[in-house]
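Here the structure is laid out as structure tokens; the discussion comes afterwards.
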Amino acid sequence: MLRFSSSLPVDCRLWRYDIRGSLAHVEMLGAQSIIPTEDANTIAAGLRELEGRLERGELGFAEADDEDIHSFVERELTQKIGPVAGKLHTARSRNDQIALDVRLYLKDALRAAQTEVRALQAALIARADEHFDAILPGYTHLQRAQPVLLSHHLLAYFWMLQRDFERLEECFARADVLPLGAAALAGTTFPIDRQRVAKALGFARVSRNSLDTVADRDHLLESVSALSLVALHLSRLGEELVLWSAPEWGFVRLADRFSTGSSIMPQKRNPDSMELVRGKAARVFGDFSALWSLVKGLPLTYNRDLQEDKEPLFDAFDTVIASLQISRGVIETATFNAEKMRSVAGGGFATATDVADYLVRRGIPFREAHEITGAAVRLCENTNRELWDLTLEEWKELDARFDEGVLESVKVEGSVAGRQSEGGTAPQRVREQLEEARTLLAG
Ligand code: ARG
């Protein structure tokens, strides 16, 4: 049963938070004369000594057979300072204690994830700036649709990550609430000062209902939900880089340290880094699913089931933070092949919409313009040519209303430059977008 029920191998990584929370608690117990100041000082000194030993690696968790990190700390403390250690747990329960430890962890973990999101955003901005004018096909249905700037494409990921950053910020605000003082579930008979503890531990607020406080896991669920979206975005980036690095695309070459060779096929250069980023998203969705299933239908208040929340929580943060770091490394070191991109950007009649738009500007209804352009595409297909290969005479034969303007409209650069609507791919618009992204990052 001890082996089945022990959470120490998982929650030992909360030791810093557990000790920090105990230090704030015992200081308050002393200040409120709930225990003698002298005892509070002895306990605090003992906790600091234990903290030092753990910090220096003089003490580990491997041999311990305690049920959880709280029992571990209390046992070590008792060994050092004797029975007075037993006063630390006055006006407290492991139920509000674990809630505290996890909130302290969560606040740090959210900040760490945000830092990595910012770093990847910065890398995307840098590469977008560097390859500002490069043009590649934009796709719908994975069919070449209209040419776009590579900078525009890279910045699309900036905005996904910007929403992720904001979601993590919102998660932080709701995690930033002190649960300690709820005790087992109903509060305590001792005159505790929760505001004092909140201030000492850097919490913005104190929780309002003791029952909700020890039962609540919303902040874990919503954080892992936000992380699932980060992982989902990275999996899409991963998929694109995998496609783009295939020789058939050849848009990008991942740096050696983010690729691997095959043990039997010497010609291969596998984009394992981004395949794994794509695959790791599945783990995170599993963590998300585990947490949701865990809490569903649980009666108030604390139930031991809740001990199972830590593994998926830690795994989701570890996995997403690592995936962000790898993605950043890949983006920073990738070699983009602008020539290859440009060579296929206009192919597949990617500027057909521009011909139709040109006719519309000459007063022809869009539906009719669409039809005329369709005939031009068929002519090119039958004669194995691209739109820019057609002569003005051929255009005029298709429709008398064509003039030399059509020869400009089929050009890739013109197609991109023409998309000047807000949020469009015209260089001027993307330049503004880049500046806005920079401002957000600096803010
Ligand atoms: N190890 C427990 C957890 O992680 C701590 C709280 C245990 N409380 C209790 N009454 N058994 O959830």
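Ligands are numbered from 1 in the order shown, residues from 1 within each chain, and chains are lettered A, B, ... in the order they appear in the structure tokens.
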
Could you give me, as CSV, a per-residue list for chain A showing, wherever an atom lies at most 6 Å from an atom of ligand 1, the closest pair of atoms and their distance in Å to one decimal, using only C-alpha atoms and all ligand atoms and sorting by chain then residue number from low to high?
```
residue,atom,partner,partner_atom_place_in_ligand_line,distance
A:Ser7,CA,ligand 1,1 (N),5.8
A:Asp68,CA,ligand 1,1 (N),5.1
A:Arg94,CA,ligand 1,6 (C),4.6
A:Asn95,CA,ligand 1,6 (C),4.7
A:Ile98,CA,ligand 1,5 (C),5.3
A:Arg304,CA,ligand 1,12 (O),5.9
A:Leu306,CA,ligand 1,12 (O),5.2
A:Gln307,CA,ligand 1,12 (O),3.5
```

| task | Mind checking which residues fall within 10 Å of Ser228 of chain A, counting only C-alpha atoms, ignoring those fewer than 2 positions away in the same chain, and posting them as JSON, numbers by chain? | result | {"A": [164, 222, 223, 224, 225, 226, 230, 231, 232, 233, 234, 281, 282, 283, 284, 285, 286, 287, 288, 316, 317, 320]}

| query | Can you list, as number ranges by chain, every protein, DNA or RNA residue that comes within 12 Å of Ala126 of chain A when you count only C-alpha atoms, leaving out same-chain residues fewer than 2 positions away? | reply | A: 119-124, 128-132, 151, 154-155, 158, 328, 331-333, 434-435, 437-438, 441

| task | For segment 106-118 of chain A, work out the shell of residues within 10 Å, counting only C-alpha atoms and skipping chain neighbours fewer than 2 positions away, then give it as a ChimeraX atom specification. | result | /A:100-104,120-124,158,161-162,164-169,171-176,203,219-220,223,227,230,313-314,317-318,320-325,327-328,440-442

Could the residues in this selection be written to a file with N, CA and C atoms, as a tab-separated table (two decimals), in the first residue's frame?
```
chain	number	residue	atom	x	y	z
A	100	LEU	N	-0.96	24.74	-1.88
A	100	LEU	CA	0.00	25.85	-1.90
A	100	LEU	C	1.23	25.49	-2.74
A	101	ASP	N	1.81	24.33	-2.47
A	101	ASP	CA	3.03	23.94	-3.19
A	101	ASP	C	2.80	23.98	-4.70
A	102	VAL	N	1.65	23.46	-5.13
A	102	VAL	CA	1.39	23.39	-6.57
A	102	VAL	C	1.19	24.79	-7.16
A	103	ARG	N	0.52	25.67	-6.40
A	103	ARG	CA	0.34	27.03	-6.93
A	103	ARG	C	1.68	27.76	-7.05
A	104	LEU	N	2.56	27.54	-6.06
A	104	LEU	CA	3.88	28.18	-6.15
A	104	LEU	C	4.65	27.63	-7.36
A	120	LEU	N	10.95	32.17	-28.77
A	120	LEU	CA	10.62	31.66	-30.10
A	120	LEU	C	10.03	32.78	-30.97
A	121	GLN	N	9.21	33.63	-30.36
A	121	GLN	CA	8.66	34.77	-31.11
A	121	GLN	C	9.80	35.65	-31.62
A	122	ALA	N	10.80	35.88	-30.77
A	122	ALA	CA	11.94	36.73	-31.17
A	122	ALA	C	12.68	36.09	-32.35
A	123	ALA	N	12.84	34.77	-32.30
A	123	ALA	CA	13.54	34.07	-33.39
A	123	ALA	C	12.75	34.20	-34.69
A	124	LEU	N	11.44	34.10	-34.62
A	124	LEU	CA	10.60	34.22	-35.82
A	124	LEU	C	10.72	35.62	-36.41
A	158	PHE	N	4.10	33.89	-35.16
A	158	PHE	CA	4.25	34.89	-34.09
A	158	PHE	C	2.90	35.16	-33.43
A	161	LEU	N	1.59	32.38	-31.23
A	161	LEU	CA	2.32	32.37	-29.97
A	161	LEU	C	1.95	33.58	-29.10
A	162	GLN	N	1.58	34.66	-29.74
A	162	GLN	CA	1.14	35.83	-28.98
A	162	GLN	C	-0.14	35.51	-28.20
A	164	ASP	N	-0.96	32.54	-27.29
A	164	ASP	CA	-0.53	31.60	-26.25
A	164	ASP	C	0.02	32.36	-25.04
A	165	PHE	N	0.84	33.34	-25.34
A	165	PHE	CA	1.45	34.15	-24.26
A	165	PHE	C	0.36	34.79	-23.40
A	166	GLU	N	-0.63	35.35	-24.07
A	166	GLU	CA	-1.72	36.02	-23.34
A	166	GLU	C	-2.53	35.03	-22.52
A	167	ARG	N	-2.77	33.85	-23.08
A	167	ARG	CA	-3.51	32.83	-22.33
A	167	ARG	C	-2.74	32.43	-21.07
A	168	LEU	N	-1.42	32.26	-21.20
A	168	LEU	CA	-0.61	31.88	-20.03
A	168	LEU	C	-0.65	32.99	-18.97
A	169	GLU	N	-0.71	34.23	-19.44
A	169	GLU	CA	-0.80	35.36	-18.52
A	169	GLU	C	-2.11	35.30	-17.72
A	171	CYS	N	-3.81	32.59	-17.12
A	171	CYS	CA	-3.67	31.45	-16.19
A	171	CYS	C	-2.91	31.89	-14.95
A	172	PHE	N	-1.88	32.70	-15.15
A	172	PHE	CA	-1.06	33.16	-14.02
A	172	PHE	C	-1.93	33.94	-13.03
A	173	ALA	N	-2.75	34.81	-13.54
A	173	ALA	CA	-3.57	35.65	-12.65
A	173	ALA	C	-4.48	34.78	-11.77
A	174	ARG	N	-5.01	33.70	-12.33
A	174	ARG	CA	-5.90	32.85	-11.53
A	174	ARG	C	-5.14	31.87	-10.63
A	175	ALA	N	-3.86	31.63	-10.96
A	175	ALA	CA	-3.04	30.78	-10.08
A	175	ALA	C	-2.54	31.58	-8.87
A	176	ASP	N	-2.57	32.89	-9.00
A	176	ASP	CA	-1.93	33.78	-8.03
A	176	ASP	C	-2.80	34.03	-6.79
A	203	PHE	N	1.66	36.28	-3.14
A	203	PHE	CA	0.36	36.04	-3.77
A	203	PHE	C	-0.45	37.33	-3.82
A	219	HIS	N	-6.98	25.75	-11.96
A	219	HIS	CA	-5.76	26.43	-12.44
A	219	HIS	C	-4.81	25.45	-13.12
A	220	LEU	N	-4.83	24.18	-12.70
A	220	LEU	CA	-4.01	23.18	-13.41
A	220	LEU	C	-4.64	22.86	-14.77
A	223	SER	N	-4.24	25.73	-17.23
A	223	SER	CA	-2.84	25.90	-17.65
A	223	SER	C	-2.46	24.82	-18.66
A	227	LEU	N	-1.33	25.07	-22.48
A	227	LEU	CA	-0.13	24.40	-22.98
A	227	LEU	C	-0.46	23.50	-24.17
A	230	VAL	N	-0.35	25.58	-27.15
A	230	VAL	CA	1.04	25.84	-27.56
A	230	VAL	C	1.56	24.63	-28.33
A	313	LEU	N	0.68	17.30	-14.86
A	313	LEU	CA	1.01	18.73	-14.81
A	313	LEU	C	2.48	18.96	-15.13
A	314	PHE	N	3.34	18.24	-14.41
A	314	PHE	CA	4.79	18.40	-14.63
A	314	PHE	C	5.16	18.00	-16.05
A	317	PHE	N	4.28	20.72	-18.66
A	317	PHE	CA	5.22	21.86	-18.67
A	317	PHE	C	6.58	21.44	-19.20
A	318	ASP	N	7.10	20.31	-18.72
A	318	ASP	CA	8.44	19.88	-19.18
A	318	ASP	C	8.44	19.70	-20.70
A	320	VAL	N	6.32	20.91	-23.07
A	320	VAL	CA	6.09	22.12	-23.88
A	320	VAL	C	7.30	23.05	-23.82
A	321	ILE	N	7.90	23.18	-22.66
A	321	ILE	CA	9.08	24.05	-22.55
A	321	ILE	C	10.20	23.49	-23.43
A	322	ALA	N	10.42	22.19	-23.39
A	322	ALA	CA	11.47	21.58	-24.23
A	322	ALA	C	11.13	21.76	-25.71
A	323	SER	N	9.86	21.58	-26.07
A	323	SER	CA	9.46	21.71	-27.48
A	323	SER	C	9.66	23.15	-27.98
A	324	LEU	N	9.38	24.11	-27.10
A	324	LEU	CA	9.61	25.52	-27.47
A	324	LEU	C	11.10	25.78	-27.68
A	325	GLN	N	11.93	25.21	-26.81
A	325	GLN	CA	13.37	25.44	-26.93
A	325	GLN	C	13.91	24.82	-28.23
A	327	SER	N	12.19	24.12	-30.96
A	327	SER	CA	11.64	24.86	-32.11
A	327	SER	C	12.44	26.14	-32.35
A	328	ARG	N	12.77	26.81	-31.26
A	328	ARG	CA	13.55	28.04	-31.41
A	328	ARG	C	14.91	27.74	-32.02
A	440	LEU	N	5.17	44.59	-29.40
A	440	LEU	CA	4.56	43.68	-28.43
A	440	LEU	C	5.62	42.92	-27.64
A	441	LEU	N	6.66	42.53	-28.34
A	441	LEU	CA	7.71	41.75	-27.71
A	441	LEU	C	8.47	42.59	-26.68
A	442	ALA	N	8.67	43.86	-27.02
A	442	ALA	CA	9.39	44.75	-26.11
A	442	ALA	C	8.53	45.11	-24.89
```

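Restricting the calculation to only C-alpha atoms, the smallest distance between Lys340 of chain A and any of A:Thr42, A:Gln146, A:Ser293, A:Ser245 is found for A:Ser245.
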
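Among A:Leu237, A:Ala184, A:Ala334, A:Leu379, the residue with the shortest atom-to-atom distance to Ser210 of chain A, counting only C-alpha atoms, is A:Ala184.
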
| Quick one: DSSP strand (DSSP E or B) residues in segment 242-377 of chain A, as a list in words? | Val252, Arg253, Thr260, Asn270, Thr335 and Phe336 of chain A

If you count only C-alpha atoms, which residues fall within 8 Å of segment 258-262 of chain A, apart from same-chain ones fewer than 6 positions away, as a PDB file with C-alpha atoms, in the first residue's frame?
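Once everything was written out, this is around.pdb:
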```pdb
ATOM      1  CA  LYS A 268      18.819  10.781 -45.859  1.00  0.00           C
ATOM      2  CA  ARG A 269      18.576  13.847 -43.681  1.00  0.00           C
ATOM      3  CA  ASN A 270      15.705  13.409 -41.326  1.00  0.00           C
ATOM      4  CA  PRO A 271      14.019  16.358 -39.587  1.00  0.00           C
ATOM      5  CA  ASP A 272      13.684  14.367 -36.335  1.00  0.00           C
ATOM      6  CA  SER A 273      13.655  17.486 -34.197  1.00  0.00           C
ATOM      7  CA  VAL A 330      15.547  24.954 -35.347  1.00  0.00           C
TER       8      VAL A 330
END
```

| message | So that I can see what lies close to Thr425 of chain A, please list as a PyMOL selection string the residues with an atom at most 12 Å from it, counting only C-alpha atoms and leaving out residues fewer than 5 positions away in the same chain. | response | chain A and resi 132-138+146-156+413-420+430-434

| request: Find the spatial neighbours of segment 178-181 of chain A, counting only C-alpha atoms, within a cut-off of 10 Å - ignore same-chain residues fewer than 5 positions away - and output them as a ChimeraX atom specification. | output: /A:21,25,91-101,103-104,186-188,190,192-195,197-199,201-210,212-214,216

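Relative to atom CA of Arg75 of chain A, atom CA of Asp39 of chain A is found at 16.8 Å.
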
If you run DSSP on this backbone, which residues of segment 231-342 of chain A come out as helix (DSSP H, G or I), and could you give them as a PDB file with C-alpha atoms, in the first residue's frame?
```
ATOM      1  CA  ALA A 231       1.833  22.215 -28.379  1.00  0.00           C
ATOM      2  CA  LEU A 232      -0.770  22.209 -31.138  1.00  0.00           C
ATOM      3  CA  HIS A 233       0.734  25.338 -32.712  1.00  0.00           C
ATOM      4  CA  LEU A 234       4.213  23.846 -32.523  1.00  0.00           C
ATOM      5  CA  SER A 235       2.953  20.633 -34.124  1.00  0.00           C
ATOM      6  CA  ARG A 236       1.723  22.642 -37.106  1.00  0.00           C
ATOM      7  CA  LEU A 237       5.067  24.418 -37.365  1.00  0.00           C
ATOM      8  CA  GLY A 238       6.702  21.002 -37.091  1.00  0.00           C
ATOM      9  CA  GLU A 239       4.603  19.580 -39.888  1.00  0.00           C
ATOM     10  CA  GLU A 240       5.432  22.496 -42.191  1.00  0.00           C
ATOM     11  CA  LEU A 241       9.143  22.269 -41.539  1.00  0.00           C
ATOM     12  CA  VAL A 242       9.039  18.519 -42.145  1.00  0.00           C
ATOM     13  CA  LEU A 243       7.314  19.093 -45.499  1.00  0.00           C
ATOM     14  CA  TRP A 244       9.518  22.015 -46.425  1.00  0.00           C
ATOM     15  CA  SER A 245      12.692  20.058 -45.725  1.00  0.00           C
ATOM     16  CA  ASP A 256      22.953  19.358 -38.674  1.00  0.00           C
ATOM     17  CA  ARG A 257      22.394  19.324 -34.944  1.00  0.00           C
ATOM     18  CA  PHE A 258      18.622  19.257 -35.447  1.00  0.00           C
ATOM     19  CA  ASP A 272      13.684  14.367 -36.335  1.00  0.00           C
ATOM     20  CA  SER A 273      13.655  17.486 -34.197  1.00  0.00           C
ATOM     21  CA  MET A 274      10.417  18.826 -35.623  1.00  0.00           C
ATOM     22  CA  GLU A 275       8.902  15.354 -36.052  1.00  0.00           C
ATOM     23  CA  LEU A 276       9.356  14.926 -32.309  1.00  0.00           C
ATOM     24  CA  VAL A 277       7.919  18.354 -31.581  1.00  0.00           C
ATOM     25  CA  ARG A 278       4.918  17.275 -33.671  1.00  0.00           C
ATOM     26  CA  GLY A 279       4.733  13.978 -31.788  1.00  0.00           C
ATOM     27  CA  LYS A 280       5.189  15.466 -28.313  1.00  0.00           C
ATOM     28  CA  ALA A 281       1.925  17.344 -28.747  1.00  0.00           C
ATOM     29  CA  ALA A 282       0.198  13.972 -28.363  1.00  0.00           C
ATOM     30  CA  ARG A 283       1.729  13.562 -24.890  1.00  0.00           C
ATOM     31  CA  VAL A 284       0.487  16.966 -23.845  1.00  0.00           C
ATOM     32  CA  PHE A 285      -3.039  16.194 -25.047  1.00  0.00           C
ATOM     33  CA  GLY A 286      -2.787  12.993 -22.983  1.00  0.00           C
ATOM     34  CA  ASP A 287      -1.850  15.042 -19.921  1.00  0.00           C
ATOM     35  CA  PHE A 288      -4.790  17.344 -20.623  1.00  0.00           C
ATOM     36  CA  SER A 289      -7.140  14.394 -20.930  1.00  0.00           C
ATOM     37  CA  ALA A 290      -5.804  12.753 -17.738  1.00  0.00           C
ATOM     38  CA  LEU A 291      -6.406  15.907 -15.702  1.00  0.00           C
ATOM     39  CA  TRP A 292      -9.904  16.422 -17.015  1.00  0.00           C
ATOM     40  CA  SER A 293     -10.868  12.814 -16.315  1.00  0.00           C
ATOM     41  CA  LEU A 294      -9.324  12.981 -12.853  1.00  0.00           C
ATOM     42  CA  VAL A 295     -11.403  15.870 -11.558  1.00  0.00           C
ATOM     43  CA  ARG A 304      -6.919  11.300  -2.724  1.00  0.00           C
ATOM     44  CA  ASP A 305      -7.474  10.958  -6.468  1.00  0.00           C
ATOM     45  CA  LEU A 306      -6.134  14.498  -6.664  1.00  0.00           C
ATOM     46  CA  GLN A 307      -2.657  13.255  -5.867  1.00  0.00           C
ATOM     47  CA  GLU A 308      -2.583  12.008  -9.461  1.00  0.00           C
ATOM     48  CA  ASP A 309      -2.655  15.579 -10.779  1.00  0.00           C
ATOM     49  CA  LYS A 310       1.062  16.223 -10.494  1.00  0.00           C
ATOM     50  CA  GLU A 311       2.502  13.839 -13.054  1.00  0.00           C
ATOM     51  CA  PRO A 312       0.479  15.150 -16.002  1.00  0.00           C
ATOM     52  CA  LEU A 313       1.006  18.732 -14.814  1.00  0.00           C
ATOM     53  CA  PHE A 314       4.787  18.404 -14.629  1.00  0.00           C
ATOM     54  CA  ASP A 315       4.935  16.418 -17.851  1.00  0.00           C
ATOM     55  CA  ALA A 316       2.940  19.012 -19.779  1.00  0.00           C
ATOM     56  CA  PHE A 317       5.215  21.856 -18.666  1.00  0.00           C
ATOM     57  CA  ASP A 318       8.438  19.879 -19.182  1.00  0.00           C
ATOM     58  CA  THR A 319       7.339  18.758 -22.637  1.00  0.00           C
ATOM     59  CA  VAL A 320       6.087  22.119 -23.881  1.00  0.00           C
ATOM     60  CA  ILE A 321       9.078  24.049 -22.552  1.00  0.00           C
ATOM     61  CA  ALA A 322      11.466  21.585 -24.232  1.00  0.00           C
ATOM     62  CA  SER A 323       9.457  21.714 -27.483  1.00  0.00           C
ATOM     63  CA  LEU A 324       9.611  25.525 -27.471  1.00  0.00           C
ATOM     64  CA  GLN A 325      13.371  25.436 -26.932  1.00  0.00           C
ATOM     65  CA  ILE A 326      13.937  22.948 -29.752  1.00  0.00           C
ATOM     66  CA  SER A 327      11.645  24.858 -32.113  1.00  0.00           C
ATOM     67  CA  ARG A 328      13.550  28.043 -31.407  1.00  0.00           C
ATOM     68  CA  GLY A 329      16.874  26.337 -32.074  1.00  0.00           C
ATOM     69  CA  VAL A 330      15.547  24.954 -35.347  1.00  0.00           C
ATOM     70  CA  ILE A 331      14.182  28.331 -36.491  1.00  0.00           C
ATOM     71  CA  GLU A 332      17.357  30.170 -35.511  1.00  0.00           C
ATOM     72  CA  THR A 333      19.635  27.807 -37.423  1.00  0.00           C
ATOM     73  CA  ALA A 338      14.581  31.611 -51.127  1.00  0.00           C
ATOM     74  CA  GLU A 339      15.465  30.716 -54.729  1.00  0.00           C
ATOM     75  CA  LYS A 340      13.680  27.393 -54.545  1.00  0.00           C
ATOM     76  CA  MET A 341      10.656  29.051 -52.973  1.00  0.00           C
ATOM     77  CA  ARG A 342      10.587  31.771 -55.609  1.00  0.00           C
TER      78      ARG A 342
END
```

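Here atom CA of Glu371 of chain A and atom CA of Gln143 of chain A stand 19.8 Å from one another.
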
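Nearest to Glu386 of chain A of all the residues A:Arg401, A:Arg3, A:Arg361, A:Lys411 is A:Lys411, based on only C-alpha atoms.
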